[in-house]
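These notes are about the structure you will find just below.
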Amino acid sequence: MSKRLLTQLMGVRRMSRRHILVGLCGLVSLLLIVGLQAVYTGSLPCVVAIWNGPPPNMANRLTNPFQLPAFRGQRSRVHDILTSIPPGSQLGVLKGLNNDENNYKYYTEAKLRQLTACMARGDCHSNAENVVIFAAYHCHLSVFKGYIGGEGVWCNGMIESLERQGYTVLLAKDDWRYVAHIYRQIPELVKAIIGDDSPGSRYGRPRDFFRSEARPDGFPTWKYFRFYYFSTPKGTVISSYWCASAEIEWRQVGMGNYRNNTYLGYALELPEETRTVPWSQRPNRAYILGKRVQYFYKWRAEPFIPAEFITRAYHDMRKEIPDFEFVGGFIDDRTPEEKEKLGEWKVPEGVRQLGKLNASEFDDAVANSKAMVGIGWPATSPSPYRAIARGVPFLNPHILGEHSTADKPETWMSVQHDSMRYEQPPHVYHVEARNYESFFTALRTAMTTPAEPYILPRLRRDAFDERMRNFVHRDWRSEAERILTNRKNGQESELGVDLGMFEL
Ligand SMILES: *[C@@H]1O[C@H](CO)[C@@H](O)[C@H](O)[C@H]1NC(C)=O
Ligand SMILES: *[C@@H]1O[C@H](CO)[C@@H](O)[C@H](O)[C@H]1NC(C)=O
């Protein structure tokens with residue numbers, strides 16, 4: 001009896017122990033849930049922040065005890081600490097923590113925390129869970145060093161457009177090992193990786209990290225796009241379509257050497273942000289495109305418009321327009337050996353040297369001109385687009401080849417700004433290279449014909465934004481699969497020099 005009682009009692013005791021355990025478990029779970037909820041909704045940082053004085057949203061929380069703090073407006077201090085990009089991440093800034101080497105990681109990891117925070121709160125932009133990784137060295141320079149050469153303009157444009165439309169942009173320098181490291185953590189979110197493929201890079205090449213049977217954690221070949229400014233794509237193993245370019249292909253489908261790249265490009269400022277000068281208020285001057293004195297002379301190649309044409313045109317123009325002048329900002333950055341061997345090279349007579357200009361000074365100098373003159377280099381740069389957007393026509397020189405016809409732009413052998421070969425006056429004047437009459441006629445017409453500001457449709461912000469959206473959301477996998485299936489069946493549908501087999 002007593003034994004039974006004891007057993008019963010023990011049973012009760014065992015029961016209650018179990019109950020206590022269950023209760024404890026429940027309590028711990030509840031605490032965990034509250035804790036997690038607190039972390040994700042941001043109320044934990046709030047609590048932590050009390051120790052450093054109440055954060056701004058505390059008052060709200062105290063007066064409305066049943067209401068969660070408002071997260072859409074104010075963020076707590078700890079939230080800011082967790083999600084901000086460390087200051088001083090620019091290249092060349094004094095650092096205690098090796099920022100120059102790691103700035104892209106600081107940037108990317110802060111972005112991932114920002115994404116985590118908004119996903120947990122449920123207030124992310126609807127595009128935020130689509131991630132694009134940039135692994136191009138030029139983008140590294142444009143973000144961290146303010147580089148604004150052509151590639152820099154392009155990178156800044158793509159990043160700005162994606163972020164403004166709510167996408168998540170991560171930066172990885174050209175560090176493919178790091179790309180793979182990030183990718184492996186959020187494979188489904190990463191929609192595209194745009195980056196360099198440089199043999200001999202100390203970080204390896206994209207193909208070293210492509211997903212395969214042997215490397216199941218790599219990123220898929222079809223998520224990688226080669227970063228390549230010009231419309232002369234090299235493409236990837238899949239196709240030249242996997243080459244993202246800043247310039248549009250001017251050849252038409254069906255023409256020999258047609259190159260099927262993916263044109264992303266960039267946009268110019270909105271028309272209302274473009275400072276223009278009415279034609280009648282501009283001085284009688286023509287801006288010469290190019291930052292190097294060398295472009296006037298035979299340096300790497302012959303100029304399209306040589307120095308003597310410039311001086312001769314200056315004198316000829318002055319007979320008609322007495323205050324006419326050429327202007328431009330030029331440097332001589334030849335090597336000491338080149339200077340020794342080739343002698344001193346000066347800006348030609350008739351050109352007023354404006355020296356080194358920053359971006360806004362350049363735009364102002366161009367806006368206060370009646371023409372922009374191309375002399376051969378640089379090829380395909382953003383500057384002629386900027387000039388046209390200010391109502392300043394571009395003189396675009398071209399070379400005729402053996403099979404060229406003067407009035408058929410598609411047959412011209414070489415054009416300074418390739419993708420503007422179909423544009424027409426008063427925005428673009430085509431000039432035959434090394435033909436003074438052609439040059440002078442175009443110059444005179446440009447100097448005496450008013451032109452209105454014009455932004456090429458493809459350079460308008462809405463067109464660019466749409467291209468970026470289409471790029472991110474396109475079903476690249478299906479395209480790649482179709483290509484691969486055909487390829488395995490011996491049917492090649494693609495253009496490109498690096499075509500080969502790959503794994504999906
Ligand atoms: C370019 O390549 C893609 C992918 O193969 C293809 O879908 C598209 O039709 C091609 N475009 C042209 C104009 O050939
Ligand atoms: C360029 O320099 C001028 C001063 O000469 C300055 O006012 C302007 O803000 C600078 N612009 C840029 C883009 O740095």
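We name chains A, B, ... following the order of the structure tokens; residues begin at 1 in each chain, and ligands are numbered from 1 as shown.
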At a cut-off of 6 Å, can you tabulate as JSON lines every residue of chain A near ligand 2 together with its closest atom pair and the distance in Å to one decimal, using only C-alpha atoms and all ligand atoms and ordering rows by chain then number?
```
{"residue": "A:Asn358", "atom": "CA", "partner": "ligand 2", "partner_atom_place_in_ligand_line": "1 (C)", "distance": 5.0}
{"residue": "A:Ala359", "atom": "CA", "partner": "ligand 2", "partner_atom_place_in_ligand_line": "13 (C)", "distance": 4.8}
{"residue": "A:Ser360", "atom": "CA", "partner": "ligand 2", "partner_atom_place_in_ligand_line": "13 (C)", "distance": 4.8}
{"residue": "A:Glu361", "atom": "CA", "partner": "ligand 2", "partner_atom_place_in_ligand_line": "1 (C)", "distance": 5.6}
```
Handout entry: Expected selection as a PyMOL selection string for ligand 1 within 8 Å, only C-alpha atoms and all ligand atoms
Key = chain A and resi 239-241+253+260-261+479-480+483+493-495
Problem - Non-local contacts of range 410-415 of chain A (7 Å; only C-alpha atoms; under 3 positions in same chain excluded) as a list in words - result: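 The neighbour list is Pro397, His398, Ile399, Leu400, Gly401, His403, Ser404, Thr405 and Asp418 of chain A.
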Let me see the file: selected residues, C-alpha atoms, as a PDB file, in the first residue's frame.
```pdb
ATOM      1  CA  PRO A 397      35.323  61.426 -87.933  1.00  0.00           C
ATOM      2  CA  HIS A 398      35.426  58.146 -89.841  1.00  0.00           C
ATOM      3  CA  ILE A 399      37.813  56.289 -92.124  1.00  0.00           C
ATOM      4  CA  LEU A 400      36.616  54.869 -95.402  1.00  0.00           C
ATOM      5  CA  GLY A 401      37.921  51.473 -96.369  1.00  0.00           C
ATOM      6  CA  HIS A 403      34.672  48.522 -99.555  1.00  0.00           C
ATOM      7  CA  SER A 404      33.154  51.656 -98.022  1.00  0.00           C
ATOM      8  CA  THR A 405      30.611  53.939 -99.607  1.00  0.00           C
ATOM      9  CA  ASP A 418      30.987  53.837 -83.530  1.00  0.00           C
TER      10      ASP A 418
END
```
Problem - Residue with smallest distance to Ala463 in chain A - pool A:Leu268, A:Ile238, A:Val132, A:Ile321, counting only C-alpha atoms - result: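 Nearest to Ala463 in chain A: A:Leu268.
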Practice task
Once DSSP has gone over the backbone, tell me which residues of range 120-357 of chain A are in alpha helix (DSSP H), as a PyMOL selection string.
Solution key: chain A and resi 120-121+137-145+150-164+176-185+307-320+336-342
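The closest residue to Phe324 in chain A, picked from A:Ser212, A:Met447, A:Gly376, A:Trp242 and counting only C-alpha atoms, is A:Met447.
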Practice task
Mind checking which residues fall within 10 Å of Met119 in chain A, counting only C-alpha atoms, ignoring those fewer than 4 positions away in the same chain, and posting them as a list in words?
Solution key: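 Result of the neighbour search: Tyr40, Thr41, Arg113, Gln114, Leu115, Asp123, Cys124, His125, Ala128 and Glu129 of chain A.
Note that the spacing between CA of Gly149 in chain A and CA of Glu249 in chain A amounts to 20.5 Å.
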Name all residues at most 6 Å from range 170-187 of chain A (count only C-alpha atoms; drop same-chain ones fewer than 3 positions away) and give them as a PDB file with N, CA and C atoms, in the first residue's frame.
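selection-v3.pdb, freshly written:
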```pdb
ATOM      1  N   TYR A 104      35.390  46.846 -49.918  1.00  0.00           N
ATOM      2  CA  TYR A 104      34.261  46.226 -50.623  1.00  0.00           C
ATOM      3  C   TYR A 104      33.545  45.215 -49.737  1.00  0.00           C
ATOM      4  N   THR A 108      29.644  45.420 -48.731  1.00  0.00           N
ATOM      5  CA  THR A 108      28.756  44.308 -49.049  1.00  0.00           C
ATOM      6  C   THR A 108      28.114  43.724 -47.797  1.00  0.00           C
ATOM      7  N   ILE A 133      25.630  41.313 -58.041  1.00  0.00           N
ATOM      8  CA  ILE A 133      26.995  41.492 -57.530  1.00  0.00           C
ATOM      9  C   ILE A 133      27.873  42.084 -58.634  1.00  0.00           C
ATOM     10  N   PHE A 134      28.588  43.159 -58.311  1.00  0.00           N
ATOM     11  CA  PHE A 134      29.555  43.717 -59.251  1.00  0.00           C
ATOM     12  C   PHE A 134      30.950  43.255 -58.851  1.00  0.00           C
ATOM     13  N   ALA A 135      31.628  42.635 -59.792  1.00  0.00           N
ATOM     14  CA  ALA A 135      32.982  42.146 -59.537  1.00  0.00           C
ATOM     15  C   ALA A 135      33.918  42.655 -60.632  1.00  0.00           C
ATOM     16  N   ALA A 136      33.778  43.944 -60.928  1.00  0.00           N
ATOM     17  CA  ALA A 136      34.624  44.570 -61.946  1.00  0.00           C
ATOM     18  C   ALA A 136      35.515  45.603 -61.264  1.00  0.00           C
ATOM     19  N   TYR A 137      36.777  45.579 -61.595  1.00  0.00           N
ATOM     20  CA  TYR A 137      37.712  46.465 -60.924  1.00  0.00           C
ATOM     21  C   TYR A 137      37.368  47.938 -61.159  1.00  0.00           C
ATOM     22  N   HIS A 140      34.909  49.021 -58.687  1.00  0.00           N
ATOM     23  CA  HIS A 140      35.585  49.221 -57.406  1.00  0.00           C
ATOM     24  C   HIS A 140      36.169  50.637 -57.363  1.00  0.00           C
ATOM     25  N   VAL A 190      20.865  35.860 -55.443  1.00  0.00           N
ATOM     26  CA  VAL A 190      21.754  36.464 -56.439  1.00  0.00           C
ATOM     27  C   VAL A 190      21.213  36.182 -57.832  1.00  0.00           C
ATOM     28  N   TYR A 203      43.061  37.127 -58.179  1.00  0.00           N
ATOM     29  CA  TYR A 203      41.887  36.546 -57.540  1.00  0.00           C
ATOM     30  C   TYR A 203      41.294  35.402 -58.363  1.00  0.00           C
TER      31      TYR A 203
END
```
Fill in the blank from the handout: Computed gap from CA of Tyr258 in chain A to CA of Arg487 in chain A is 20.0 Å
